[in-house]
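Raw input38.cif, mmCIF, C-alpha atoms and all ligand atoms:
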```
data_input
loop_
_atom_site.label_atom_id
_atom_site.label_comp_id
_atom_site.auth_asym_id
_atom_site.auth_seq_id
_atom_site.Cartn_x
_atom_site.Cartn_y
_atom_site.Cartn_z
CA MET A 151 121.08 105.14 129.15
CA GLN A 152 117.48 104.95 130.38
CA VAL A 153 114.60 106.15 128.25
CA ALA A 154 110.91 106.77 128.89
CA ILE A 155 108.06 106.01 126.50
CA ILE A 156 104.66 107.64 126.86
CA GLY A 157 101.94 106.03 124.73
CA ILE A 158 102.86 102.33 125.04
CA THR A 159 99.23 101.29 124.44
CA GLY A 160 99.34 102.88 120.96
CA TYR A 161 100.85 101.71 117.68
CA ALA A 162 103.80 104.10 117.58
CA GLY A 163 104.67 103.64 121.27
CA SER A 164 104.58 99.83 120.88
CA THR A 165 106.89 100.03 117.87
CA LEU A 166 109.30 102.30 119.75
CA TYR A 167 109.42 99.80 122.62
CA GLU A 168 110.15 96.87 120.29
CA LEU A 169 112.93 98.75 118.49
CA LEU A 170 114.52 100.24 121.62
CA LYS A 171 114.81 96.76 123.17
CA LYS A 172 117.51 96.06 120.54
CA HIS A 173 119.38 99.37 121.00
CA SER A 174 122.91 98.74 122.28
CA GLN A 175 123.03 101.98 124.31
CA VAL A 176 119.63 101.63 126.01
CA ASN A 177 119.85 99.47 129.11
CA GLN A 178 116.43 100.30 130.51
CA ILE A 179 113.12 101.31 128.95
CA ASN A 180 110.67 102.83 131.41
CA LEU A 181 107.02 102.83 130.38
CA TYR A 182 104.39 105.21 131.73
CA GLY A 183 100.62 105.15 131.28
CA HIS A 184 98.53 108.28 131.61
CA ASN A 185 95.50 106.52 133.08
CA LEU A 186 97.13 104.07 135.50
CA SER A 187 96.83 104.43 139.27
CA LYS A 188 99.39 101.74 140.11
CA PRO A 189 102.22 99.86 138.34
CA THR A 190 100.63 97.39 135.91
CA GLN A 191 102.08 94.61 133.74
CA LEU A 192 102.34 95.48 130.07
CA ASP A 193 100.52 92.31 128.98
CA GLN A 194 97.49 93.47 130.99
CA ILE A 195 97.11 96.76 129.11
CA ASN A 196 98.35 95.94 125.60
CA ASP A 197 97.25 92.71 123.88
CA GLU A 198 100.17 92.95 121.43
CA PHE A 199 102.54 92.05 124.26
CA SER A 200 101.30 88.69 125.59
CA TYR A 201 103.56 87.37 128.35
CA ASP A 202 105.53 90.65 128.67
CA GLN A 203 105.51 91.40 132.39
CA HIS A 204 107.44 94.67 132.08
CA LEU A 205 105.81 97.12 134.50
CA VAL A 206 104.09 100.25 133.22
CA PHE A 207 104.11 103.03 135.81
CA PRO A 208 101.55 105.77 136.43
CA TYR A 209 102.52 108.93 134.57
CA ASP A 210 104.63 111.15 136.84
CA GLU A 211 106.79 113.83 135.25
CA ASN A 212 109.13 114.17 138.23
CA ALA A 213 109.82 110.44 138.29
CA ILE A 214 110.38 110.47 134.52
CA ILE A 215 112.98 113.23 134.80
CA LYS A 216 114.68 111.55 137.76
CA ASP A 217 114.84 108.04 136.28
CA ASN A 218 115.54 108.70 132.60
CA ASP A 219 117.86 110.47 130.18
CA ALA A 220 115.26 111.23 127.50
CA VAL A 221 111.53 110.88 126.89
CA PHE A 222 109.65 109.80 123.75
CA PHE A 223 106.07 111.07 123.42
CA ALA A 224 103.97 108.79 121.20
CA THR A 225 100.77 110.58 122.20
CA PRO A 226 98.12 112.44 120.19
CA ALA A 227 98.55 115.96 118.85
CA GLY A 228 97.05 118.48 121.25
CA VAL A 229 97.98 116.28 124.20
CA THR A 230 101.74 116.13 123.77
CA SER A 231 102.49 119.85 123.94
CA LYS A 232 100.78 120.05 127.33
CA MET A 233 102.58 116.97 128.66
CA ALA A 234 106.00 117.97 127.29
CA LYS A 235 105.92 121.52 128.68
CA PRO A 236 107.51 120.76 132.09
CA PHE A 237 110.23 118.71 130.39
CA ILE A 238 111.17 121.58 128.10
CA LYS A 239 111.12 123.92 131.08
CA ALA A 240 113.49 121.57 132.92
CA GLY A 241 115.84 121.32 129.89
CA PHE A 242 115.13 117.57 129.62
CA PRO A 243 115.48 115.93 126.15
CA VAL A 244 112.15 115.33 124.40
CA ILE A 245 111.46 113.46 121.17
CA ASP A 246 107.88 114.08 120.11
CA LEU A 247 106.21 111.88 117.49
CA SER A 248 103.07 114.03 117.29
CA GLY A 249 102.50 117.10 115.17
CA ASP A 250 102.60 119.52 118.11
CA TYR A 251 106.03 121.04 117.53
CA ARG A 252 106.30 120.68 113.76
CA LEU A 253 104.67 123.91 112.59
CA LYS A 254 106.58 127.00 113.63
CA ASP A 255 103.57 129.32 113.33
CA PRO A 256 100.97 128.73 116.09
CA ASP A 257 98.20 130.20 113.90
CA GLU A 258 98.95 127.62 111.20
CA TYR A 259 98.71 124.88 113.84
CA LEU A 260 95.35 126.20 115.02
CA LYS A 261 94.10 126.36 111.44
CA TRP A 262 95.16 122.83 110.39
CA TYR A 263 94.86 120.92 113.69
CA GLN A 264 91.96 122.88 115.21
CA LYS A 265 93.60 122.50 118.62
CA ASP A 266 95.43 124.86 120.93
CA PRO A 267 99.04 125.28 119.78
CA ALA A 268 102.10 124.75 121.95
CA GLU A 269 103.54 127.86 123.57
CA LEU A 270 105.50 130.02 121.16
CA SER A 271 108.66 129.85 123.31
CA ASP A 272 108.50 126.04 123.24
CA LEU A 273 107.90 126.02 119.47
CA GLN A 274 110.97 128.19 119.04
CA LYS A 275 113.09 125.79 121.07
CA ALA A 276 111.91 122.66 119.24
CA GLN A 277 113.70 121.55 116.11
CA TYR A 278 112.05 119.77 113.15
CA CYS A 279 114.47 116.97 112.32
CA LEU A 280 114.05 115.05 109.07
CA ALA A 281 116.64 112.54 110.21
CA ASP A 282 118.12 111.62 106.82
CA ILE A 283 118.80 115.23 105.88
CA ASP A 284 118.75 117.50 108.91
CA ASP A 285 121.65 117.88 111.21
CA SER A 286 120.04 117.77 114.65
CA GLU A 287 123.25 118.78 116.37
CA GLY A 288 122.41 121.01 119.31
CA ALA A 289 118.73 120.05 119.22
CA LYS A 290 117.20 118.98 122.50
CA TYR A 291 113.47 119.06 121.78
CA ILE A 292 112.87 117.16 118.59
CA ALA A 293 109.75 117.40 116.45
CA ASN A 294 109.74 114.09 114.61
CA PRO A 295 108.27 114.52 111.11
CA GLY A 296 104.88 113.12 110.08
CA CYS A 297 104.71 109.88 108.13
CA TYR A 298 103.43 111.22 104.79
CA ALA A 299 105.66 114.29 105.17
CA THR A 300 108.71 112.04 105.54
CA ALA A 301 108.05 110.08 102.35
CA VAL A 302 107.22 113.24 100.39
CA LEU A 303 110.15 115.33 101.63
CA LEU A 304 112.77 112.62 101.09
CA GLY A 305 111.51 112.18 97.53
CA LEU A 306 111.34 115.89 96.69
CA ALA A 307 114.43 117.20 98.52
CA PRO A 308 116.98 116.84 95.71
CA VAL A 309 114.87 118.48 92.98
CA VAL A 310 113.57 121.28 95.22
CA LYS A 311 116.90 122.10 96.84
CA GLU A 312 118.63 122.17 93.44
CA ASP A 313 115.75 124.10 91.83
CA LEU A 314 115.30 121.59 89.00
CA ILE A 315 111.49 121.66 88.67
CA ASP A 316 108.62 124.08 88.13
CA LEU A 317 107.78 124.56 91.79
CA ASP A 318 104.08 125.20 91.21
CA SER A 319 103.64 121.92 89.32
CA ILE A 320 103.98 119.44 92.23
CA VAL A 321 101.07 116.97 92.48
CA ILE A 322 101.23 114.23 95.12
CA ASP A 323 99.10 111.11 95.27
CA ALA A 324 99.79 109.63 98.73
CA LYS A 325 98.54 106.25 99.95
CA SER A 326 98.73 104.77 103.42
CA GLY A 327 97.89 101.54 105.22
CA LEU A 328 95.52 101.59 108.17
CA SER A 329 98.03 101.67 111.03
CA GLY A 330 98.72 105.29 110.02
CA ALA A 331 95.41 106.20 111.62
CA GLY A 332 96.40 104.81 115.04
CA LYS A 333 94.49 102.22 117.01
CA SER A 334 91.12 103.98 117.31
CA LEU A 335 88.39 102.60 115.09
CA SER A 336 86.50 104.88 112.71
CA ASP A 337 83.84 104.34 110.04
CA SER A 338 86.51 104.17 107.33
CA SER A 339 88.69 101.69 109.24
CA HIS A 340 86.00 99.06 109.87
CA PHE A 341 87.04 95.83 108.09
CA VAL A 342 84.17 95.93 105.63
CA MET A 343 85.01 99.50 104.57
CA ALA A 344 88.80 99.10 104.53
CA ASN A 345 89.08 95.66 102.96
CA GLU A 346 88.81 95.46 99.14
CA ASN A 347 88.43 99.22 99.04
CA LEU A 348 90.32 102.48 98.43
CA GLN A 349 89.13 105.63 100.21
CA VAL A 350 90.31 109.14 99.39
CA TYR A 351 90.20 111.32 102.49
CA LYS A 352 90.87 114.84 103.82
CA PRO A 353 90.97 116.49 100.36
CA HIS A 354 93.03 119.71 100.57
CA GLU A 355 92.84 119.72 104.34
CA HIS A 356 95.45 117.20 105.43
CA LYS A 357 97.64 118.51 108.27
CA HIS A 358 100.80 117.33 106.54
CA ILE A 359 100.29 119.96 103.79
CA PRO A 360 101.60 122.90 105.89
CA GLU A 361 104.34 120.69 107.33
CA ILE A 362 105.56 119.73 103.85
CA VAL A 363 105.30 123.28 102.48
CA GLN A 364 107.12 124.72 105.51
CA LYS A 365 110.10 122.42 104.92
CA LEU A 366 110.11 122.85 101.12
CA GLN A 367 110.25 126.61 101.68
CA VAL A 368 113.34 126.21 103.88
CA TRP A 369 114.99 124.46 100.94
CA ASN A 370 113.67 126.78 98.26
CA LYS A 371 111.93 130.03 99.18
CA ASN A 372 110.03 130.09 95.88
CA VAL A 373 107.80 127.15 96.81
CA GLN A 374 104.20 128.38 97.14
CA ASN A 375 102.00 125.33 97.54
CA ILE A 376 101.50 121.71 96.59
CA GLU A 377 98.63 119.53 95.45
CA PHE A 378 98.43 116.70 98.01
CA MET A 379 95.83 113.95 98.18
CA THR A 380 95.64 111.00 100.57
CA THR A 381 94.11 107.56 100.06
CA LEU A 382 93.54 104.81 102.62
CA VAL A 383 94.56 101.44 101.16
CA PRO A 384 93.87 97.97 102.60
CA LEU A 385 97.33 97.33 104.06
CA ASN A 386 98.42 97.17 107.69
CA LYS A 387 101.56 99.23 107.13
CA GLY A 388 103.26 101.20 104.38
CA ILE A 389 103.08 104.51 102.54
CA MET A 390 103.57 105.15 98.84
CA CYS A 391 103.75 108.71 97.53
CA THR A 392 103.58 109.07 93.77
CA MET A 393 104.65 112.61 92.89
CA PHE A 394 104.38 114.33 89.51
CA MET A 395 106.07 117.56 88.45
CA LYS A 396 107.42 119.36 85.36
CA LEU A 397 111.15 119.54 84.92
CA LYS A 398 112.43 123.04 84.17
CA SER A 399 112.87 123.31 80.40
CA ASN A 400 116.67 123.50 80.49
CA ILE A 401 117.15 120.57 82.86
CA GLU A 402 118.21 117.09 81.69
CA MET A 403 117.72 113.87 83.63
CA ASP A 404 121.44 113.44 84.28
CA LYS A 405 121.28 116.58 86.39
CA VAL A 406 118.35 115.11 88.34
CA GLN A 407 120.26 111.89 88.86
CA HIS A 408 123.28 113.84 90.08
CA ALA A 409 121.11 115.75 92.60
CA PHE A 410 119.80 112.48 94.09
CA ASP A 411 123.22 110.80 94.04
CA SER A 412 124.94 113.65 95.80
CA LEU A 413 122.28 114.26 98.46
CA TYR A 414 121.99 110.59 99.40
CA ALA A 415 125.56 109.42 98.67
CA ASN A 416 126.27 108.68 102.35
CA SER A 417 122.74 107.87 103.41
CA LYS A 418 122.30 104.70 105.45
CA PHE A 419 118.56 104.51 104.87
CA VAL A 420 117.56 106.30 101.65
CA HIS A 421 118.07 104.33 98.45
CA VAL A 422 117.37 105.74 95.00
CA SER A 423 116.91 103.92 91.72
CA MET A 424 116.75 105.39 88.23
CA ASP A 425 115.75 102.02 86.77
CA ASP A 426 113.29 100.39 89.13
CA LEU A 427 110.20 101.78 90.82
CA PRO A 428 109.97 100.84 94.50
CA THR A 429 107.33 98.70 96.18
CA ILE A 430 105.92 99.06 99.69
CA LYS A 431 106.84 95.46 100.46
CA SER A 432 110.54 96.21 100.09
CA VAL A 433 110.51 98.70 102.99
CA VAL A 434 107.86 97.43 105.41
CA GLY A 435 109.64 96.35 108.60
CA THR A 436 112.61 98.66 107.96
CA ASN A 437 113.71 102.25 108.57
CA GLU A 438 114.44 102.67 104.86
CA CYS A 439 112.98 104.98 102.26
CA HIS A 440 113.16 103.75 98.66
CA VAL A 441 112.81 106.28 95.86
CA GLY A 442 112.34 105.57 92.15
CA LEU A 443 112.26 108.00 89.24
CA SER A 444 110.66 107.93 85.82
CA PHE A 445 110.81 110.64 83.16
CA ASN A 446 108.19 111.20 80.46
CA SER A 447 109.98 113.05 77.67
CA SER A 448 106.73 113.59 75.72
CA ASN A 449 105.52 116.17 78.25
CA ASN A 450 108.68 116.84 80.28
CA SER A 451 107.10 115.28 83.38
CA LEU A 452 109.09 113.71 86.17
CA MET A 453 107.49 111.10 88.41
CA ILE A 454 109.10 110.39 91.81
CA VAL A 455 107.83 107.42 93.82
CA SER A 456 108.78 107.25 97.50
CA VAL A 457 107.89 104.39 99.87
CA ILE A 458 108.34 103.96 103.63
CA ASP A 459 107.03 101.95 106.56
CA ASN A 460 104.79 104.54 108.26
CA MET A 461 105.34 103.08 111.74
CA ILE A 462 109.15 102.86 111.42
CA LYS A 463 110.61 105.47 109.07
CA GLY A 464 107.38 107.48 109.42
CA ALA A 465 107.36 107.38 113.24
CA ALA A 466 109.29 105.19 115.72
CA GLY A 467 112.33 104.38 113.54
CA GLN A 468 112.97 107.97 112.56
CA ALA A 469 112.49 108.98 116.23
CA ILE A 470 115.27 106.55 117.17
CA GLN A 471 117.46 107.83 114.31
CA ASN A 472 116.96 111.34 115.73
CA PHE A 473 117.69 110.03 119.24
CA ASN A 474 120.93 108.50 117.87
CA HIS A 475 121.93 111.86 116.38
CA LEU A 476 121.02 113.67 119.58
CA PHE A 477 123.22 111.46 121.76
CA ASP A 478 125.92 110.87 119.15
CA PHE A 479 125.22 107.14 118.91
CA GLU A 480 125.76 105.09 115.75
CA GLU A 481 122.99 106.23 113.35
CA THR A 482 121.85 102.66 112.68
CA ASP A 483 121.75 101.52 116.33
CA GLY A 484 118.41 99.84 117.00
CA LEU A 485 117.51 100.16 113.32
CA GLU A 486 119.25 97.20 111.67
CA LEU A 487 116.00 95.62 110.57
CA MET A 488 114.81 93.19 107.96
CA HIS A 489 111.89 93.74 105.63
CA VAL A 490 108.99 91.35 105.97
CA LEU A 491 109.49 88.17 103.92
CA PRO A 492 108.12 86.58 101.79
N1 LIG A 501 100.52 105.69 113.32
C1 LIG A 501 101.43 106.29 112.55
O1 LIG A 501 101.78 105.80 111.45
C2 LIG A 501 102.07 107.55 112.99
C3 LIG A 501 101.74 108.19 114.17
N2 LIG A 501 102.33 109.38 114.50
C4 LIG A 501 101.98 110.11 115.70
O2 LIG A 501 102.37 109.38 116.86
C5 LIG A 501 101.43 109.62 117.91
C6 LIG A 501 100.86 108.28 118.34
O3 LIG A 501 100.22 107.69 117.22
P1 LIG A 501 99.61 106.23 117.25
O4 LIG A 501 100.44 105.35 118.10
O5 LIG A 501 99.34 105.86 115.87
O6 LIG A 501 98.22 106.51 118.02
P2 LIG A 501 97.35 105.51 118.89
O7 LIG A 501 95.98 106.07 118.89
O8 LIG A 501 97.54 104.12 118.42
O9 LIG A 501 97.98 105.67 120.36
C7 LIG A 501 97.89 106.87 121.09
C8 LIG A 501 98.56 106.70 122.43
O10 LIG A 501 98.43 107.93 123.16
C9 LIG A 501 97.79 107.66 124.41
N3 LIG A 501 96.93 108.76 124.79
C10 LIG A 501 95.70 109.08 124.30
N4 LIG A 501 95.20 110.16 124.93
C11 LIG A 501 96.11 110.52 125.84
C12 LIG A 501 96.15 111.55 126.82
N5 LIG A 501 95.16 112.43 126.95
N6 LIG A 501 97.24 111.63 127.60
C13 LIG A 501 98.26 110.75 127.46
N7 LIG A 501 98.27 109.75 126.57
C14 LIG A 501 97.21 109.64 125.75
C15 LIG A 501 96.99 106.40 124.18
O11 LIG A 501 96.78 105.79 125.44
P3 LIG A 501 95.39 105.05 125.83
O12 LIG A 501 94.90 104.39 124.61
O13 LIG A 501 95.80 104.10 126.89
O14 LIG A 501 94.48 106.13 126.28
C16 LIG A 501 97.95 105.61 123.29
O15 LIG A 501 98.93 104.99 124.08
C17 LIG A 501 100.35 110.55 117.34
O16 LIG A 501 100.65 111.87 117.65
C18 LIG A 501 100.47 110.33 115.84
O17 LIG A 501 100.04 111.41 115.13
C19 LIG A 501 103.31 109.91 113.74
C20 LIG A 501 103.68 109.32 112.57
C21 LIG A 501 103.07 108.10 112.10
C1 LIG A 502 95.91 106.50 107.37
C2 LIG A 502 95.88 107.73 108.22
O1 LIG A 502 94.84 108.13 108.73
N1 LIG A 502 97.02 108.36 108.39
C3 LIG A 502 97.14 109.52 109.22
C4 LIG A 502 98.58 109.82 109.23
C5 LIG A 502 98.88 110.89 110.18
C6 LIG A 502 100.07 110.57 111.02
O2 LIG A 502 100.22 109.54 111.60
O3 LIG A 502 100.92 111.50 111.12
P1 LIG A 502 100.84 112.57 112.30
O4 LIG A 502 101.98 112.24 113.14
O5 LIG A 502 100.94 113.88 111.67
O6 LIG A 502 99.52 112.39 112.99
C7 LIG A 502 96.37 110.71 108.65
O7 LIG A 502 96.20 110.80 107.45
O8 LIG A 502 96.00 111.60 109.43
#
```

Have the structure of the file written as structure tokens, please.
Amino acid sequence: MQVAIIGITGYAGSTLYELLKKHSQVNQINLYGHNLSKPTQLDQINDEFSYDQHLVFPYDENAIIKDNDAVFFATPAGVTSKMAKPFIKAGFPVIDLSGDYRLKDPDEYLKWYQKDPAELSDLQKAQYCLADIDDSEGAKYIANPGCYATAVLLGLAPVVKEDLIDLDSIVIDAKSGLSGAGKSLSDSSHFVMANENLQVYKPHEHKHIPEIVQKLQVWNKNVQNIEFMTTLVPLNKGIMCTMFMKLKSNIEMDKVQHAFDSLYANSKFVHVSMDDLPTIKSVVGTNECHVGLSFNSSNNSLMIVSVIDNMIKGAAGQAIQNFNHLFDFEETDGLELMHVLP
């Protein structure tokens, strides 16, 4: 199996490359750069890969289709849908890490991303695959979920699917490390602003809001909206979503526990605890999602805490999990990882 990566100079593309090197079914990784005029050594265009002389080729869609069995796009939203178009037309497998194929309604995409949406026919062909829950059988063009959306959806799925909570009571406090913003520098990611600081950003306008709501509505049509707030925290990697909601008045915690146990009973990557609350450190470096629950009987509030590594479960790792489903490989292939110690 030969695979192509577009976006090797970025954080998600680099992580994909590192993980795919250990995949037992991938014998060649072909890298392509959109602004190269001739084959160039990786160590000359990405400082993270000193001494790696793997050649990166100029972007050429015909060569990619001829020399590969699938393509991963780790490129910005707005760019990917244009680049992926000929691949979808040719019936060639695409796994897209951007937000371009996640929202089914092009008007919603325009509203939240303020960019031109993908063509409706391509949106209809693409499948949103939350790898730990969705069966991507038959999918060929995969919209890999967003990082915050992954942590939120894995934490909320059992209680929303089983209709155990007041659906209009969901409040989410989401925190992310800086790599979530990609490699480009901004005012908020300068060391002096990011270090020793917490910054709330994009209040009520984060593009993962419609993505989360769209999926929650598939699980439970009565979902209307959520309260979702994001904070930049001084970490390289990791997301923690702390989610509050009211349990329905007739629901006991053993029913909640049963919903989590049954949904994730066979999960290789999602681990749930009723006793301990998870920490970011326990998942960074892995494709795992750890979920912890706490119930406040004085006001009937349930707190669900969900943590992931944004670059792995929130991007490259989940993309490989989806790739494994797509080609019927072992789900954990390329993803047997160790969290960062100490
Ligand atoms: N970082 C994260 O935690 C997550 C990221 N994602 C998504 O994955 C994608 C990549 O993110 P990330 O790696 O963080 O971003 P980066 O900004 O770190 O990297 C972006 C990559 O896209 C390339 N690129 C930029 N413009 C173009 C263009 N016009 N045509 C082709 N390639 C282009 C860049 O190449 P060059 O620099 O050489 O121009 C670079 O390789 C994004 O869509 C992002 O939303 C999804 C989930 C989580
Ligand atoms: C810290 C930070 O800036 N995080 C990014 C995460 C977005 C992301 O990576 O997901 P997409 O694939 O949807 O772009 C943000 O909040 O926009």

For chain A versus ligand LIG 502 (chain A), which residues have an atom no more than 8 Å away, and what is each residue's nearest atom pair and distance in Å rounded to one decimal, using all atoms listed in the file, chain-then-number order, as JSON lines?
```
{"residue": "A:Pro226", "atom": "CA", "partner": "A:LIG502", "partner_atom": "O6", "distance": 7.3}
{"residue": "A:Ala227", "atom": "CA", "partner": "A:LIG502", "partner_atom": "O6", "distance": 6.9}
{"residue": "A:Leu247", "atom": "CA", "partner": "A:LIG502", "partner_atom": "O4", "distance": 6.1}
{"residue": "A:Ser248", "atom": "CA", "partner": "A:LIG502", "partner_atom": "O4", "distance": 4.6}
{"residue": "A:Gly249", "atom": "CA", "partner": "A:LIG502", "partner_atom": "O5", "distance": 5.0}
{"residue": "A:Pro295", "atom": "CA", "partner": "A:LIG502", "partner_atom": "O4", "distance": 7.0}
{"residue": "A:Gly296", "atom": "CA", "partner": "A:LIG502", "partner_atom": "O4", "distance": 4.3}
{"residue": "A:Cys297", "atom": "CA", "partner": "A:LIG502", "partner_atom": "O3", "distance": 5.1}
{"residue": "A:Tyr298", "atom": "CA", "partner": "A:LIG502", "partner_atom": "C4", "distance": 6.7}
{"residue": "A:Lys325", "atom": "CA", "partner": "A:LIG502", "partner_atom": "C1", "distance": 7.9}
{"residue": "A:Ser326", "atom": "CA", "partner": "A:LIG502", "partner_atom": "C1", "distance": 5.2}
{"residue": "A:Gly327", "atom": "CA", "partner": "A:LIG502", "partner_atom": "C1", "distance": 5.8}
{"residue": "A:Leu328", "atom": "CA", "partner": "A:LIG502", "partner_atom": "C1", "distance": 5.0}
{"residue": "A:Ser329", "atom": "CA", "partner": "A:LIG502", "partner_atom": "C1", "distance": 6.4}
{"residue": "A:Gly330", "atom": "CA", "partner": "A:LIG502", "partner_atom": "N1", "distance": 3.9}
{"residue": "A:Ala331", "atom": "CA", "partner": "A:LIG502", "partner_atom": "O1", "distance": 3.5}
{"residue": "A:Gly332", "atom": "CA", "partner": "A:LIG502", "partner_atom": "O2", "distance": 7.0}
{"residue": "A:Tyr351", "atom": "CA", "partner": "A:LIG502", "partner_atom": "O7", "distance": 7.8}
{"residue": "A:Lys352", "atom": "CA", "partner": "A:LIG502", "partner_atom": "O7", "distance": 7.6}
{"residue": "A:His356", "atom": "CA", "partner": "A:LIG502", "partner_atom": "O7", "distance": 6.8}
{"residue": "A:Lys357", "atom": "CA", "partner": "A:LIG502", "partner_atom": "O5", "distance": 6.6}
{"residue": "A:His358", "atom": "CA", "partner": "A:LIG502", "partner_atom": "O5", "distance": 6.2}
{"residue": "A:Thr380", "atom": "CA", "partner": "A:LIG502", "partner_atom": "O7", "distance": 6.9}
{"residue": "A:Thr381", "atom": "CA", "partner": "A:LIG502", "partner_atom": "C1", "distance": 7.6}
{"residue": "A:Leu382", "atom": "CA", "partner": "A:LIG502", "partner_atom": "C1", "distance": 5.6}
{"residue": "A:Asn460", "atom": "CA", "partner": "A:LIG502", "partner_atom": "O2", "distance": 7.6}
{"residue": "A:Gly464", "atom": "CA", "partner": "A:LIG502", "partner_atom": "O2", "distance": 7.8}
{"residue": "A:Ala465", "atom": "CA", "partner": "A:LIG502", "partner_atom": "O4", "distance": 7.3}
```

Point to revise | Atom-to-atom span, atom CA of A:Val363 and atom CA of A:Gly288, Å | key: 24.1 Å

Practice item. Name all residues at most 9 Å from stretch 159-173 of chain A (count all atoms listed in the file; drop same-chain ones fewer than 5 positions away) and give them as an MDAnalysis selection string. Key: chainID A and resid 153 178:179 181 183 192 195:199 222:225 247 329:330 332:333 461:462 465:467 469:470 483:485

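Among the candidates A:Ala213, A:Ala289, A:Val434, A:Ile320, the one nearest to A:Val490 when counting all atoms listed in the file is A:Val434.
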
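Separating atom CA of A:Met379 from atom CA of A:Ser412 is a distance of 29.2 Å.
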
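Residue nearest ligand LIG 501 (chain A), chosen from A:Asp459, A:Asp284, A:Asp404, A:Asp272 and counting all atoms listed in the file: A:Asp459.
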
Enclose stretch 219-232 of chain A, meaning all of its atoms listed in the file, in a box aligned along x, y and z, pad it by 6 Å on each side, and list the centre and edge lengths in Å to one decimal, as AutoDock Vina command-line options.
```
--center_x 107.5 --center_y 114.4 --center_z 124.5 --size_x 32.8 --size_y 23.3 --size_z 23.3
```

Check your understanding: In Å, with one decimal, what is the gap from atom CA of A:Gln374 to atom CA of A:Ser286?
Key -> 25.9 Å

Exercise for review: Pull the neighbourhood of (121.1, 104.4, 119.3) for me: all residues within 9 Å in file coordinates, counting all atoms listed in the file, as number ranges by chain.
Suggested key: A: 170, 173-176, 470-475, 477-485

Point to revise | Spatial neighbours of A:Gln364, 12 Å, only C-alpha atoms, chain gap at least 3 places, as a ChimeraX atom specification | key: /A:252-255,258-259,278,295,299,303,357-361,367-376

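Among the candidates A:Leu306, A:Cys391, A:Ala276, A:Leu205, the one nearest to A:Val406 when counting all atoms listed in the file is A:Leu306.
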
Practice item. Name the residues within 12 Å of (103.5, 103.7, 134.5), counting all atoms listed in the file in the file's coordinates, and put them as JSON, numbers by chain. Key: {"A": [154, 155, 156, 157, 158, 159, 179, 180, 181, 182, 183, 184, 185, 186, 187, 188, 189, 190, 191, 192, 195, 204, 205, 206, 207, 208, 209, 210, 211, 213, 214]}

Go ahead and write the selection's residues with C-alpha atoms as an mmCIF file, in the frame of the given file.
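Contents of the output file result.cif:
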```
data_model
loop_
_atom_site.group_PDB
_atom_site.id
_atom_site.type_symbol
_atom_site.label_atom_id
_atom_site.label_comp_id
_atom_site.auth_asym_id
_atom_site.auth_seq_id
_atom_site.Cartn_x
_atom_site.Cartn_y
_atom_site.Cartn_z
ATOM 1 C CA ALA A 154 110.910 106.770 128.890
ATOM 2 C CA ILE A 155 108.060 106.010 126.500
ATOM 3 C CA ILE A 156 104.660 107.640 126.860
ATOM 4 C CA GLY A 157 101.940 106.030 124.730
ATOM 5 C CA ILE A 158 102.860 102.330 125.040
ATOM 6 C CA THR A 159 99.230 101.290 124.440
ATOM 7 C CA ILE A 179 113.120 101.310 128.950
ATOM 8 C CA ASN A 180 110.670 102.830 131.410
ATOM 9 C CA LEU A 181 107.020 102.830 130.380
ATOM 10 C CA TYR A 182 104.390 105.210 131.730
ATOM 11 C CA GLY A 183 100.620 105.150 131.280
ATOM 12 C CA HIS A 184 98.530 108.280 131.610
ATOM 13 C CA ASN A 185 95.500 106.520 133.080
ATOM 14 C CA LEU A 186 97.130 104.070 135.500
ATOM 15 C CA SER A 187 96.830 104.430 139.270
ATOM 16 C CA LYS A 188 99.390 101.740 140.110
ATOM 17 C CA PRO A 189 102.220 99.860 138.340
ATOM 18 C CA THR A 190 100.630 97.390 135.910
ATOM 19 C CA GLN A 191 102.080 94.610 133.740
ATOM 20 C CA LEU A 192 102.340 95.480 130.070
ATOM 21 C CA ILE A 195 97.110 96.760 129.110
ATOM 22 C CA HIS A 204 107.440 94.670 132.080
ATOM 23 C CA LEU A 205 105.810 97.120 134.500
ATOM 24 C CA VAL A 206 104.090 100.250 133.220
ATOM 25 C CA PHE A 207 104.110 103.030 135.810
ATOM 26 C CA PRO A 208 101.550 105.770 136.430
ATOM 27 C CA TYR A 209 102.520 108.930 134.570
ATOM 28 C CA ASP A 210 104.630 111.150 136.840
ATOM 29 C CA GLU A 211 106.790 113.830 135.250
ATOM 30 C CA ALA A 213 109.820 110.440 138.290
ATOM 31 C CA ILE A 214 110.380 110.470 134.520
#
```

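Considering only C-alpha atoms and all ligand atoms, the residue among A:Asn212, A:Gln203, A:Ser447, A:Ser231 positioned nearest to ligand LIG 501 (chain A) is A:Ser231.
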
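Among the candidates A:Met395, A:Ala324, A:Pro353, A:Lys365, the residue lying nearest to A:Val383 is A:Ala324 (atoms considered: all atoms listed in the file).
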
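Distances from A:Cys279, A:Ile389, A:Leu314, A:Val244 to ligand LIG 501 (chain A) were compared using all atoms listed in the file, and the smallest one belongs to A:Ile389.
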
**Study point:** Distance query A:Val433 at most 12 Å, only C-alpha atoms, self and fewer than 6 positions along chain excluded, as a ChimeraX atom specification
**Key:** /A:301,387-390,419-421,439-441,456-464,487-491

Practice item. Would you mind listing what lies within 12 Å of A:Lys232 as a list in words, with only C-alpha atoms counted and same-chain residues fewer than 2 positions away left out? Key: Glu211, Phe223, Thr225, Pro226, Ala227, Gly228, Val229, Thr230, Ala234, Lys235, Pro236, Phe237, Ile238, Lys239, Asp246, Ser248, Asp250, Tyr251, Lys265, Asp266, Pro267, Ala268, Glu269 and Asp272 of chain A
